[in-house]
$ cat model_39.cif   # mmCIF, C-alpha atoms and all ligand atoms
data_upload
#
loop_
_atom_site.label_atom_id
_atom_site.label_comp_id
_atom_site.auth_asym_id
_atom_site.auth_seq_id
_atom_site.Cartn_x
_atom_site.Cartn_y
_atom_site.Cartn_z
CA MET A 1 31.69 -36.43 2.29
CA SER A 2 33.52 -39.43 0.91
CA ALA A 3 32.97 -41.16 -2.41
CA ARG A 4 31.42 -44.21 -0.73
CA GLN A 5 27.91 -45.00 -1.90
CA SER A 6 25.18 -43.21 0.03
CA LEU A 7 22.60 -45.30 1.84
CA LEU A 8 20.35 -42.25 2.06
CA SER A 9 20.39 -39.37 -0.36
CA VAL A 10 18.12 -36.33 -0.07
CA ARG A 11 17.90 -33.72 -2.82
CA LYS A 12 15.99 -30.41 -2.92
CA LEU A 13 13.47 -31.61 -0.35
CA ARG A 14 10.71 -29.11 0.24
CA LYS A 15 7.60 -29.00 2.42
CA GLN A 16 5.15 -26.24 3.24
CA PHE A 17 2.20 -26.64 5.60
CA PRO A 18 -1.02 -24.65 5.17
CA VAL A 19 -2.10 -22.91 8.38
CA HIS A 20 -5.25 -20.98 9.29
CA LEU A 21 -4.58 -17.42 10.40
CA GLY A 22 -8.18 -16.60 11.35
CA PHE A 23 -10.79 -14.48 9.56
CA ARG A 24 -10.71 -16.93 6.64
CA ARG A 25 -7.05 -16.14 6.03
CA THR A 26 -4.55 -18.92 5.40
CA GLY A 27 -0.78 -18.94 5.11
CA MET A 28 1.98 -21.39 4.28
CA VAL A 29 4.64 -22.41 6.78
CA SER A 30 7.94 -23.09 5.03
CA ALA A 31 9.06 -26.04 7.17
CA VAL A 32 11.69 -27.58 4.87
CA ASP A 33 13.21 -25.70 1.95
CA ASP A 34 15.62 -27.31 -0.52
CA VAL A 35 17.24 -29.58 2.06
CA GLU A 36 20.03 -31.79 0.70
CA PHE A 37 22.36 -34.34 2.31
CA ASP A 38 23.85 -37.80 1.94
CA VAL A 39 24.41 -40.43 4.59
CA GLN A 40 26.86 -43.25 3.94
CA ALA A 41 26.27 -46.77 5.28
CA GLY A 42 27.55 -47.14 8.83
CA ASP A 43 27.80 -43.38 9.45
CA THR A 44 25.82 -41.04 11.66
CA LEU A 45 24.60 -37.75 10.30
CA GLY A 46 23.64 -35.35 13.07
CA ILE A 47 20.99 -32.74 12.25
CA VAL A 48 21.10 -29.81 14.62
CA GLY A 49 19.22 -26.54 14.94
CA GLU A 50 16.85 -24.57 17.13
CA SER A 51 13.21 -25.51 17.74
CA GLY A 52 11.04 -25.21 14.64
CA CYS A 53 13.91 -25.31 12.11
CA GLY A 54 12.44 -28.35 10.35
CA LYS A 55 14.38 -31.28 11.84
CA SER A 56 11.36 -33.49 12.58
CA THR A 57 9.63 -32.58 9.32
CA THR A 58 12.76 -33.68 7.45
CA ALA A 59 12.65 -37.00 9.34
CA ARG A 60 8.96 -37.49 8.64
CA LEU A 61 9.46 -36.74 4.94
CA ILE A 62 12.22 -39.36 4.71
CA LEU A 63 10.06 -41.96 6.42
CA GLY A 64 7.10 -41.19 4.16
CA LEU A 65 4.94 -40.01 7.07
CA VAL A 66 4.50 -36.67 5.26
CA LYS A 67 4.38 -36.16 1.50
CA PRO A 68 7.01 -33.77 0.11
CA ASP A 69 5.99 -30.85 -2.13
CA ALA A 70 9.19 -31.37 -4.10
CA GLY A 71 12.49 -33.19 -3.94
CA GLU A 72 14.05 -36.62 -4.25
CA ILE A 73 14.74 -39.20 -1.56
CA ALA A 74 16.84 -42.23 -2.49
CA PHE A 75 17.32 -45.05 0.03
CA ASP A 76 19.40 -48.15 -0.63
CA SER A 77 19.65 -47.20 -4.33
CA GLU A 78 15.86 -46.90 -4.72
CA HIS A 79 14.10 -43.63 -5.46
CA LEU A 80 11.32 -43.57 -2.88
CA ASN A 81 9.15 -41.09 -4.80
CA ALA A 82 8.89 -43.59 -7.66
CA LEU A 83 7.75 -46.49 -5.45
CA ALA A 84 4.23 -47.29 -4.38
CA GLY A 85 2.32 -49.95 -2.43
CA ARG A 86 4.13 -53.19 -1.68
CA GLU A 87 7.47 -52.07 -3.12
CA ARG A 88 7.51 -48.98 -0.95
CA LYS A 89 6.52 -51.01 2.13
CA ALA A 90 9.38 -53.44 1.49
CA ILE A 91 12.00 -50.71 1.16
CA LYS A 92 10.62 -48.73 4.11
CA ARG A 93 11.16 -51.77 6.31
CA GLY A 94 14.83 -50.87 6.12
CA MET A 95 14.32 -47.50 7.84
CA GLN A 96 12.87 -47.06 11.31
CA MET A 97 12.54 -44.25 13.84
CA VAL A 98 13.10 -43.64 17.55
CA PHE A 99 11.08 -40.69 18.84
CA GLN A 100 11.67 -38.16 21.60
CA ASP A 101 8.95 -39.10 24.08
CA PRO A 102 9.70 -42.57 25.52
CA LEU A 103 6.25 -43.06 27.10
CA GLY A 104 4.26 -41.43 24.29
CA SER A 105 5.98 -43.68 21.75
CA VAL A 106 4.63 -46.93 23.20
CA ASN A 107 1.08 -48.22 23.47
CA PRO A 108 0.31 -48.07 27.22
CA ARG A 109 -2.29 -50.85 26.94
CA MET A 110 0.14 -53.29 25.36
CA SER A 111 2.85 -55.19 27.25
CA ILE A 112 6.48 -54.43 26.47
CA GLY A 113 6.68 -57.68 24.50
CA GLU A 114 3.60 -56.76 22.46
CA ASN A 115 4.99 -53.28 21.79
CA ILE A 116 8.33 -54.63 20.57
CA GLY A 117 6.68 -57.43 18.60
CA PHE A 118 4.11 -55.18 16.93
CA PRO A 119 6.07 -54.53 13.70
CA LEU A 120 6.82 -58.26 13.46
CA ARG A 121 3.09 -59.05 13.78
CA VAL A 122 2.30 -56.52 11.03
CA HIS A 123 4.83 -58.28 8.80
CA GLY A 124 3.24 -61.72 9.40
CA TYR A 125 5.71 -63.37 11.81
CA SER A 126 4.36 -66.32 13.83
CA ALA A 127 3.70 -66.02 17.59
CA GLN A 128 6.73 -68.21 18.35
CA GLN A 129 9.00 -66.19 16.06
CA ILE A 130 7.80 -62.98 17.72
CA ARG A 131 8.49 -64.36 21.24
CA ASN A 132 11.99 -65.48 20.29
CA ARG A 133 12.90 -62.28 18.51
CA THR A 134 11.46 -60.12 21.31
CA SER A 135 13.60 -61.91 23.93
CA GLN A 136 16.68 -61.47 21.73
CA LEU A 137 15.92 -57.76 21.21
CA LEU A 138 15.37 -57.12 24.93
CA GLU A 139 18.79 -58.56 25.69
CA GLN A 140 20.35 -56.63 22.82
CA VAL A 141 19.17 -53.32 24.32
CA GLY A 142 20.35 -54.20 27.84
CA LEU A 143 17.01 -55.31 29.31
CA HIS A 144 15.95 -58.80 30.47
CA PRO A 145 13.56 -61.13 28.58
CA HIS A 146 11.24 -61.06 31.61
CA HIS A 147 10.57 -57.37 30.85
CA ALA A 148 8.38 -58.62 27.98
CA SER A 149 5.51 -59.14 30.46
CA TYR A 150 5.82 -55.65 32.00
CA PHE A 151 3.65 -52.70 30.98
CA PRO A 152 5.07 -49.31 29.97
CA HIS A 153 4.13 -47.55 33.24
CA GLN A 154 6.30 -50.06 35.15
CA LEU A 155 9.51 -48.96 33.37
CA SER A 156 11.66 -45.83 33.70
CA GLY A 157 12.14 -43.33 30.84
CA GLY A 158 15.57 -44.77 30.07
CA GLN A 159 14.23 -48.33 30.01
CA LEU A 160 11.36 -47.26 27.76
CA GLN A 161 13.78 -45.64 25.32
CA ARG A 162 15.58 -49.01 25.22
CA VAL A 163 12.19 -50.61 24.43
CA ASN A 164 11.61 -48.08 21.62
CA THR A 165 15.07 -48.87 20.29
CA ALA A 166 14.32 -52.61 20.42
CA ARG A 167 11.09 -52.06 18.48
CA ALA A 168 12.96 -49.99 15.88
CA LEU A 169 15.47 -52.85 15.50
CA ALA A 170 12.82 -55.59 15.20
CA LEU A 171 12.76 -55.70 11.40
CA GLU A 172 16.55 -55.44 11.07
CA PRO A 173 16.62 -51.97 9.50
CA LYS A 174 19.68 -50.46 7.87
CA LEU A 175 18.83 -46.89 8.87
CA ILE A 176 17.41 -45.56 12.14
CA ILE A 177 16.28 -41.95 12.41
CA CYS A 178 16.59 -40.87 16.03
CA ASP A 179 14.54 -37.72 16.68
CA GLU A 180 15.76 -36.17 19.96
CA PRO A 181 16.01 -39.67 21.49
CA VAL A 182 17.58 -38.54 24.76
CA SER A 183 16.28 -35.00 25.30
CA ALA A 184 13.42 -36.19 27.54
CA LEU A 185 15.81 -38.17 29.76
CA ASP A 186 17.83 -37.16 32.81
CA LYS A 187 21.44 -36.21 32.02
CA SER A 188 22.71 -39.29 33.89
CA ILE A 189 20.56 -41.61 31.73
CA GLN A 190 21.28 -39.80 28.45
CA ALA A 191 24.85 -41.11 28.27
CA GLN A 192 23.68 -44.70 28.81
CA VAL A 193 21.18 -44.53 25.96
CA LEU A 194 23.69 -42.79 23.66
CA ASN A 195 26.29 -45.45 24.41
CA LEU A 196 23.72 -48.16 23.71
CA LEU A 197 23.00 -46.59 20.30
CA LEU A 198 26.73 -46.43 19.54
CA ASP A 199 27.27 -50.06 20.62
CA LEU A 200 24.34 -51.22 18.47
CA GLN A 201 25.76 -49.29 15.52
CA GLN A 202 29.08 -51.12 15.91
CA GLN A 203 27.49 -54.55 16.34
CA LEU A 204 24.85 -54.27 13.61
CA GLY A 205 26.47 -51.87 11.15
CA LEU A 206 23.59 -49.43 11.53
CA THR A 207 23.35 -46.04 9.90
CA TYR A 208 21.82 -43.19 11.89
CA VAL A 209 20.28 -39.83 11.22
CA PHE A 210 20.49 -38.28 14.67
CA ILE A 211 18.35 -35.20 15.31
CA SER A 212 18.99 -32.97 18.29
CA HIS A 213 19.08 -29.35 19.40
CA ASP A 214 21.93 -30.28 21.78
CA LEU A 215 25.32 -29.71 20.13
CA ASN A 216 27.18 -31.67 22.79
CA VAL A 217 25.04 -34.74 22.11
CA VAL A 218 25.42 -34.34 18.34
CA GLU A 219 29.21 -34.01 18.66
CA TYR A 220 29.33 -37.18 20.74
CA VAL A 221 27.52 -39.40 18.26
CA SER A 222 27.95 -37.90 14.77
CA ASP A 223 30.44 -38.46 11.96
CA TYR A 224 28.91 -35.64 9.92
CA VAL A 225 26.66 -32.76 10.92
CA ALA A 226 24.07 -30.71 9.03
CA VAL A 227 23.11 -27.41 10.69
CA MET A 228 19.55 -26.27 9.94
CA TYR A 229 18.08 -22.80 10.26
CA LEU A 230 14.45 -21.98 9.42
CA GLY A 231 13.98 -24.98 7.14
CA GLN A 232 17.33 -24.81 5.35
CA VAL A 233 20.69 -26.55 5.76
CA VAL A 234 23.18 -23.71 6.25
CA GLU A 235 26.35 -25.71 6.95
CA GLN A 236 27.41 -29.32 6.53
CA CYS A 237 30.71 -31.15 7.06
CA SER A 238 32.40 -33.74 9.25
CA SER A 239 31.75 -33.42 12.95
CA ASP A 240 35.45 -32.80 13.69
CA GLU A 241 35.61 -30.01 11.12
CA LEU A 242 32.38 -28.35 12.28
CA TYR A 243 33.41 -28.13 15.91
CA ARG A 244 36.99 -27.11 15.06
CA ASN A 245 36.27 -24.69 12.23
CA PRO A 246 32.63 -23.51 12.11
CA LEU A 247 32.11 -21.19 9.12
CA HIS A 248 28.48 -20.08 9.12
CA PRO A 249 27.69 -17.20 11.51
CA TYR A 250 24.71 -19.19 12.83
CA THR A 251 26.84 -22.25 13.61
CA ARG A 252 29.36 -20.02 15.38
CA VAL A 253 26.59 -18.54 17.48
CA LEU A 254 25.24 -21.99 18.32
CA LEU A 255 28.68 -23.26 19.33
CA SER A 256 29.48 -20.22 21.41
CA SER A 257 26.28 -20.75 23.37
CA ILE A 258 27.30 -24.24 24.57
CA PRO A 259 28.15 -24.12 28.28
CA GLN A 260 31.92 -24.74 28.60
CA VAL A 261 34.09 -25.61 31.58
CA ASP A 262 36.76 -23.35 30.03
CA PRO A 263 35.07 -19.94 29.61
CA GLU A 264 37.39 -19.02 26.70
CA ALA A 265 36.65 -22.18 24.77
CA ARG A 266 34.57 -21.86 21.59
CA ARG A 267 33.95 -18.13 22.05
CA THR A 268 33.96 -17.66 18.29
CA SER A 269 31.08 -15.24 17.92
CA ALA A 270 29.02 -12.53 19.54
CA PRO A 271 25.75 -13.83 21.03
CA VAL A 272 22.84 -13.90 18.64
CA THR A 273 20.11 -11.35 19.21
CA GLY A 274 16.40 -11.39 18.42
CA ASP A 275 13.84 -14.16 18.13
CA ILE A 276 13.74 -16.77 15.39
CA PRO A 277 11.60 -15.25 12.60
CA SER A 278 8.32 -16.97 11.75
CA ALA A 279 8.49 -19.77 9.19
CA LEU A 280 5.20 -18.29 7.90
CA ASN A 281 7.03 -15.28 6.53
CA PRO A 282 10.76 -16.04 6.42
CA PRO A 283 13.17 -13.15 5.74
CA SER A 284 14.13 -12.51 2.11
CA GLY A 285 17.60 -13.47 0.90
CA CYS A 286 19.41 -15.19 3.75
CA ARG A 287 16.92 -16.39 6.35
CA PHE A 288 19.44 -15.73 9.14
CA ARG A 289 20.03 -12.09 8.18
CA THR A 290 17.68 -10.59 10.82
CA ARG A 291 19.87 -12.07 13.56
CA CYS A 292 23.25 -12.17 11.87
CA PRO A 293 25.93 -9.90 13.35
CA LEU A 294 27.75 -9.89 9.96
CA ALA A 295 24.78 -9.21 7.63
CA MET A 296 25.55 -7.19 4.47
CA ASP A 297 23.24 -5.48 1.95
CA VAL A 298 23.38 -8.47 -0.40
CA CYS A 299 22.05 -10.74 2.36
CA ALA A 300 18.59 -9.13 2.14
CA VAL A 301 18.21 -9.64 -1.61
CA GLU A 302 20.06 -12.81 -2.61
CA ARG A 303 19.66 -16.23 -1.16
CA PRO A 304 23.17 -17.60 -0.51
CA VAL A 305 23.95 -20.75 -2.44
CA ILE A 306 25.95 -23.64 -1.06
CA ARG A 307 29.71 -23.13 -1.46
CA HIS A 308 32.63 -25.36 -0.50
CA PRO A 309 35.37 -23.10 0.93
CA THR A 310 37.36 -26.27 1.73
CA ALA A 311 36.91 -29.84 0.52
CA GLY A 312 33.98 -31.55 2.23
CA HIS A 313 32.83 -28.37 3.99
CA ALA A 314 29.58 -26.91 2.66
CA VAL A 315 28.24 -23.53 3.76
CA ALA A 316 25.44 -21.24 2.52
CA CYS A 317 26.54 -17.70 3.36
CA HIS A 318 27.54 -14.68 1.25
CA LEU A 319 30.75 -14.37 3.28
CA TYR A 320 31.97 -17.39 1.31
CA ASP A 321 30.88 -16.31 -2.18
CA SER A 322 33.92 -16.57 -4.41
CA ASP A 323 34.26 -12.79 -4.84
CA THR A 324 34.20 -12.24 -1.09
CA ALA A 325 36.25 -15.29 -0.12
CA GLU A 326 39.29 -13.24 0.88
CA ARG A 327 37.22 -11.04 3.17
CA SER A 328 35.63 -14.07 4.84
CA ALA A 329 39.00 -15.67 5.43
CA ALA A 330 40.35 -12.52 7.08
N1 LIG B 1 1.54 -30.40 10.53
C1 LIG B 1 1.98 -29.14 10.57
N2 LIG B 1 1.16 -28.11 10.26
C2 LIG B 1 1.61 -26.83 10.28
N3 LIG B 1 2.88 -26.47 10.59
C3 LIG B 1 3.74 -27.47 10.91
C4 LIG B 1 3.34 -28.85 10.91
N4 LIG B 1 4.42 -29.60 11.27
C5 LIG B 1 5.43 -28.72 11.47
N5 LIG B 1 5.02 -27.46 11.25
C6 LIG B 1 5.84 -26.24 11.33
O1 LIG B 1 6.99 -26.47 10.53
C7 LIG B 1 8.14 -25.90 11.16
C8 LIG B 1 9.16 -27.00 11.39
O2 LIG B 1 8.65 -27.87 12.41
P1 LIG B 1 9.47 -29.13 12.92
O3 LIG B 1 8.60 -29.85 13.89
O4 LIG B 1 9.98 -29.91 11.77
O5 LIG B 1 10.69 -28.44 13.68
P2 LIG B 1 11.79 -29.09 14.64
O6 LIG B 1 13.10 -28.58 14.18
O7 LIG B 1 11.61 -30.56 14.71
O8 LIG B 1 11.45 -28.41 16.04
P3 LIG B 1 11.60 -29.00 17.53
O9 LIG B 1 13.08 -28.88 17.86
O10 LIG B 1 10.77 -28.09 18.36
O11 LIG B 1 11.12 -30.42 17.52
C9 LIG B 1 7.65 -25.21 12.43
O12 LIG B 1 7.41 -23.86 12.12
C10 LIG B 1 6.35 -25.94 12.73
O13 LIG B 1 5.46 -25.10 13.44
S1 LIG B 2 24.49 -14.64 4.16
FE1 LIG B 2 24.75 -12.69 5.24
S2 LIG B 2 23.13 -12.66 6.79
FE2 LIG B 2 23.36 -14.76 6.08
S3 LIG B 2 24.73 -15.70 7.52
FE3 LIG B 2 25.98 -14.99 5.82
S4 LIG B 2 26.63 -12.91 6.39
FE4 LIG B 2 24.97 -13.47 7.77
MG MG B 3 11.22 -31.90 16.29
#

$ encode --input "model_39.cif" --output "structure tokens" --more "lines below"
Ligand SMILES: Nc1ncnc2c1ncn2[C@@H]1O[C@H](COP(=O)(O)OP(=O)(O)OP(=O)(O)O)[C@@H](O)[C@H]1O
Ligand code: SF4
Ligand SMILES: [Mg+2]
Amino acid sequence: MSARQSLLSVRKLRKQFPVHLGFRRTGMVSAVDDVEFDVQAGDTLGIVGESGCGKSTTARLILGLVKPDAGEIAFDSEHLNALAGRERKAIKRGMQMVFQDPLGSVNPRMSIGENIGFPLRVHGYSAQQIRNRTSQLLEQVGLHPHHASYFPHQLSGGQLQRVNTARALALEPKLIICDEPVSALDKSIQAQVLNLLLDLQQQLGLTYVFISHDLNVVEYVSDYVAVMYLGQVVEQCSSDELYRNPLHPYTRVLLSSIPQVDPEARRTSAPVTGDIPSALNPPSGCRFRTRCPLAMDVCAVERPVIRHPTAGHAVACHLYDSDTAERSAA
């Protein structure tokens, strides 16, 4: 990525969850393991990967909804781990989230105006200020001020996702983490909500972390993309570079599985076989090795470290270790 200052910087982020296995046995789910990335102001970082790869846990760790086991998160030049109480609340005001489920994300007993105004009320705004700001926000997200008196069940999924976006914007954040914001919507509505997010980014200079399992959606909105597999980032680069020149076998498999109008397009890899292994007991070495068509002996014993085969393109795969670089390029 460029030398511009990062708005969000994540280093060696790690989270395990204890789970009960029955008969008094417990285990640890490795949800996020040494995740690292930077997001520059005004950019969108897409995070993509199959279900259970740790996308939402990463988001929740950044927002402080879950405590990390290890790692550093810096936002707006502040190290979040070092902040507590009021200081942390003040800095967290600058980062908000839009969730996947439009209806589940609002309080059904509160009007749309009350839902959007809720964060303003928590931060001590007056009733008049809340009314004015709510009307402004409704217009900003393409709804009408009169929608403030509606209740959630009276709006469509697309309209509710606009409401959730308005609520996320209420405190004028710098960063919005969008966790699968359109995957619960009809295809025809998805584009409208994506375009709204892009317009708002232009108008307000917003920075996004955009989480999705849908590579087409991620390509549409992202400047940079991080590909996650079983809790780890396996590849990271600009969106153009990733879709033009995917390096990691997992990314190639993901891209080749996107439905294409041109059947020859993006056929860069054999289809992946086998189920995703359990995060309770991830494979040794490279976590993708049990499904990788190119796995070698070393893949079972050594965890691949991040390499940069070309400037700005990071990949964690033994095919790109320096001593095997020629083979990987062949
Ligand atoms: N509170 C929890 N307790 C136990 N395990 C959890 C908890 N939260 C997440 N996990 C596990 O951590 C792993 C990562 O989950 P996460 O929800 O972050 O994945 P995801 O990439 O967001 O998946 P999806 O695409 O389905 O939303 C999964 O194995 C999940 O079962
Ligand atoms: S490290 Fe080995 S198993 Fe993992 S993706 Fe690369 S080649 Fe495949
Ligand atoms: Mg999720």

$ atom_distance --input "model_39.cif" --atom1 "atom CA of A:Asn245" --atom2 "atom C8 of ligand LIG 1 (chain B)"
27.2 Å

$ residues_around --input "model_39.cif" --residues "stretch 104-111 of chain A" --least-positions-apart "4" --cutoff "8 Å" --atoms "only C-alpha atoms" --output "list in words"
Phe99, Gln100, Asn115, Ala148, Ser149, Tyr150, Phe151, Pro152, His153 and Asn164 of chain A

$ residues_near_ligand --input "model_39.cif" --ligand "ligand MG 3 (chain B)" --cutoff "10 Å" --atoms "all atoms listed in the file" --output "short mmCIF file (atom, residue, chain, number, x, y, z; two decimals) with C-alpha atoms, keeping the file's coordinate frame"
data_model
loop_
_atom_site.label_atom_id
_atom_site.label_comp_id
_atom_site.auth_asym_id
_atom_site.auth_seq_id
_atom_site.Cartn_x
_atom_site.Cartn_y
_atom_site.Cartn_z
CA GLY A 49 19.22 -26.54 14.94
CA GLU A 50 16.85 -24.57 17.13
CA SER A 51 13.21 -25.51 17.74
CA GLY A 52 11.04 -25.21 14.64
CA CYS A 53 13.91 -25.31 12.11
CA GLY A 54 12.44 -28.35 10.35
CA LYS A 55 14.38 -31.28 11.84
CA SER A 56 11.36 -33.49 12.58
CA THR A 57 9.63 -32.58 9.32
CA THR A 58 12.76 -33.68 7.45
CA ALA A 59 12.65 -37.00 9.34
CA ARG A 60 8.96 -37.49 8.64
CA PHE A 99 11.08 -40.69 18.84
CA GLN A 100 11.67 -38.16 21.60
CA ASP A 179 14.54 -37.72 16.68
CA GLU A 180 15.76 -36.17 19.96
CA ILE A 211 18.35 -35.20 15.31
CA SER A 212 18.99 -32.97 18.29
CA HIS A 213 19.08 -29.35 19.40
#

$ residues_near_ligand --input "model_39.cif" --ligand "ligand LIG 2 (chain B)" --cutoff "10 Å" --atoms "all atoms listed in the file" --output "ChimeraX atom specification"
/A:234,247-251,285-305,315-321,328

$ closest_atom_pairs --input "model_39.cif" --of "stretch 166-259 of chain A" --to "stretch 23-46 of chain A" --cutoff "12 Å" --atoms "only C-alpha atoms" --output "Markdown table"
| residue | atom | partner | partner_atom | distance |
| --- | --- | --- | --- | --- |
| A:Pro173 | CA | A:Ala41 | CA | 11.7 |
| A:Lys174 | CA | A:Ala41 | CA | 8.0 |
| A:Leu175 | CA | A:Ala41 | CA | 8.3 |
| A:Ile176 | CA | A:Thr44 | CA | 9.6 |
| A:Ile177 | CA | A:Leu45 | CA | 9.6 |
| A:Cys178 | CA | A:Gly46 | CA | 9.4 |
| A:Asp179 | CA | A:Gly46 | CA | 10.1 |
| A:Glu180 | CA | A:Gly46 | CA | 10.5 |
| A:Leu197 | CA | A:Thr44 | CA | 10.6 |
| A:Leu198 | CA | A:Thr44 | CA | 9.6 |
| A:Leu200 | CA | A:Gly42 | CA | 10.9 |
| A:Gln201 | CA | A:Gly42 | CA | 7.3 |
| A:Gln202 | CA | A:Gly42 | CA | 8.3 |
| A:Gln203 | CA | A:Gly42 | CA | 10.6 |
| A:Leu204 | CA | A:Gly42 | CA | 9.0 |
| A:Gly205 | CA | A:Gly42 | CA | 5.4 |
| A:Leu206 | CA | A:Gly42 | CA | 5.3 |
| A:Thr207 | CA | A:Gly42 | CA | 4.5 |
| A:Tyr208 | CA | A:Thr44 | CA | 4.5 |
| A:Val209 | CA | A:Leu45 | CA | 4.9 |
| A:Phe210 | CA | A:Gly46 | CA | 4.6 |
| A:Ile211 | CA | A:Gly46 | CA | 5.7 |
| A:Ser212 | CA | A:Gly46 | CA | 7.4 |
| A:His213 | CA | A:Gly46 | CA | 9.8 |
| A:Asp214 | CA | A:Gly46 | CA | 10.2 |
| A:Leu215 | CA | A:Gly46 | CA | 9.2 |
| A:Asn216 | CA | A:Gly46 | CA | 11.0 |
| A:Val217 | CA | A:Gly46 | CA | 9.2 |
| A:Val218 | CA | A:Gly46 | CA | 5.7 |
| A:Glu219 | CA | A:Gly46 | CA | 8.0 |
| A:Tyr220 | CA | A:Gly46 | CA | 9.7 |
| A:Val221 | CA | A:Thr44 | CA | 7.0 |
| A:Ser222 | CA | A:Thr44 | CA | 4.9 |
| A:Asp223 | CA | A:Thr44 | CA | 5.3 |
| A:Tyr224 | CA | A:Leu45 | CA | 4.8 |
| A:Val225 | CA | A:Gly46 | CA | 4.5 |
| A:Ala226 | CA | A:Gly46 | CA | 6.2 |
| A:Val227 | CA | A:Gly46 | CA | 8.3 |
| A:Met228 | CA | A:Val35 | CA | 8.9 |
| A:Tyr229 | CA | A:Val32 | CA | 9.6 |
| A:Leu230 | CA | A:Ala31 | CA | 7.1 |
| A:Gly231 | CA | A:Val32 | CA | 4.1 |
| A:Gln232 | CA | A:Asp33 | CA | 5.4 |
| A:Val233 | CA | A:Val35 | CA | 5.9 |
| A:Val234 | CA | A:Val35 | CA | 9.3 |
| A:Glu235 | CA | A:Phe37 | CA | 10.6 |
| A:Gln236 | CA | A:Phe37 | CA | 8.3 |
| A:Cys237 | CA | A:Leu45 | CA | 9.6 |
| A:Ser238 | CA | A:Leu45 | CA | 8.8 |
| A:Ser239 | CA | A:Gly46 | CA | 8.3 |
| A:Leu242 | CA | A:Gly46 | CA | 11.2 |

$ atom_distance --input "model_39.cif" --atom1 "atom CA of A:Gly64" --atom2 "atom CA of A:Leu160"
24.7 Å

$ atom_distance --input "model_39.cif" --atom1 "atom CA of A:Ser156" --atom2 "atom CA of A:His144"
14.0 Å

$ residues_near_point --input "model_39.cif" --point "(14.9, -63.8, 25.9)" --cutoff "6 Å" --atoms "all atoms listed in the file" --output "ChimeraX atom specification"
/A:135-136,145

$ axis_aligned_box --input "model_39.cif" --around "ligand LIG 1 (chain B)" --padding-each-side "3 Å" --output "AutoDock Vina command-line options"
--center_x 7.1 --center_y -27.2 --center_z 14.3 --size_x 17.9 --size_y 12.7 --size_z 14.1

$ closest_residue --input "model_39.cif" --among "A:His20, A:Arg93, A:Arg121, A:Arg11" --to "ligand LIG 1 (chain B)" --atoms "all atoms listed in the file"
A:His20

$ closest_residue --input "model_39.cif" --among "A:Pro283, A:Pro18, A:Gly124, A:Pro181" --to "ligand LIG 1 (chain B)" --atoms "all atoms listed in the file"
A:Pro18

$ residues_around --input "model_39.cif" --residues "A:Ser77" --least-positions-apart "4" --cutoff "9 Å" --atoms "all atoms listed in the file" --output "compact mmCIF listing (two decimals) with C-alpha atoms, in the frame of the given file"
# COMPACT_ATOMS: atom_id res chain seq x y z
CA GLN A 5 27.91 -45.00 -1.90
CA SER A 6 25.18 -43.21 0.03
CA LEU A 7 22.60 -45.30 1.84
CA LEU A 8 20.35 -42.25 2.06
CA SER A 9 20.39 -39.37 -0.36

$ closest_residue --input "model_39.cif" --among "A:Lys15, A:His79, A:Arg167, A:Lys92" --to "ligand LIG 1 (chain B)" --atoms "all atoms listed in the file"
A:Lys15

$ residues_near_point --input "model_39.cif" --point "(6.8, -61.1, 21.2)" --cutoff "6 Å" --atoms "all atoms listed in the file" --output "PyMOL selection string"
chain A and resi 113-114+117+130-131+134

$ closest_residue --input "model_39.cif" --among "A:Ile189, A:Val122, A:Leu254, A:Leu280" --to "ligand LIG 1 (chain B)" --atoms "all atoms listed in the file"
A:Leu280

$ closest_residue --input "model_39.cif" --among "A:Leu103, A:Ala90, A:Val163, A:Leu171" --to "A:Leu120" --atoms "all atoms listed in the file"
A:Leu171

$ residues_around --input "model_39.cif" --residues "stretch 67-69 of chain A" --least-positions-apart "2" --cutoff "8 Å" --atoms "all atoms listed in the file" --output "list in words"
Leu13, Arg14, Lys15, Gln16, Leu61, Gly64, Leu65 and Gly71 of chain A

$ write_last_selection --input "model_39.cif" --atoms "C-alpha atoms" --output "CSV table (one decimal), in the coordinates of the input"
chain,number,residue,atom,x,y,z
A,13,LEU,CA,13.5,-31.6,-0.4
A,14,ARG,CA,10.7,-29.1,0.2
A,15,LYS,CA,7.6,-29.0,2.4
A,16,GLN,CA,5.2,-26.2,3.2
A,61,LEU,CA,9.5,-36.7,4.9
A,64,GLY,CA,7.1,-41.2,4.2
A,65,LEU,CA,4.9,-40.0,7.1
A,71,GLY,CA,12.5,-33.2,-3.9
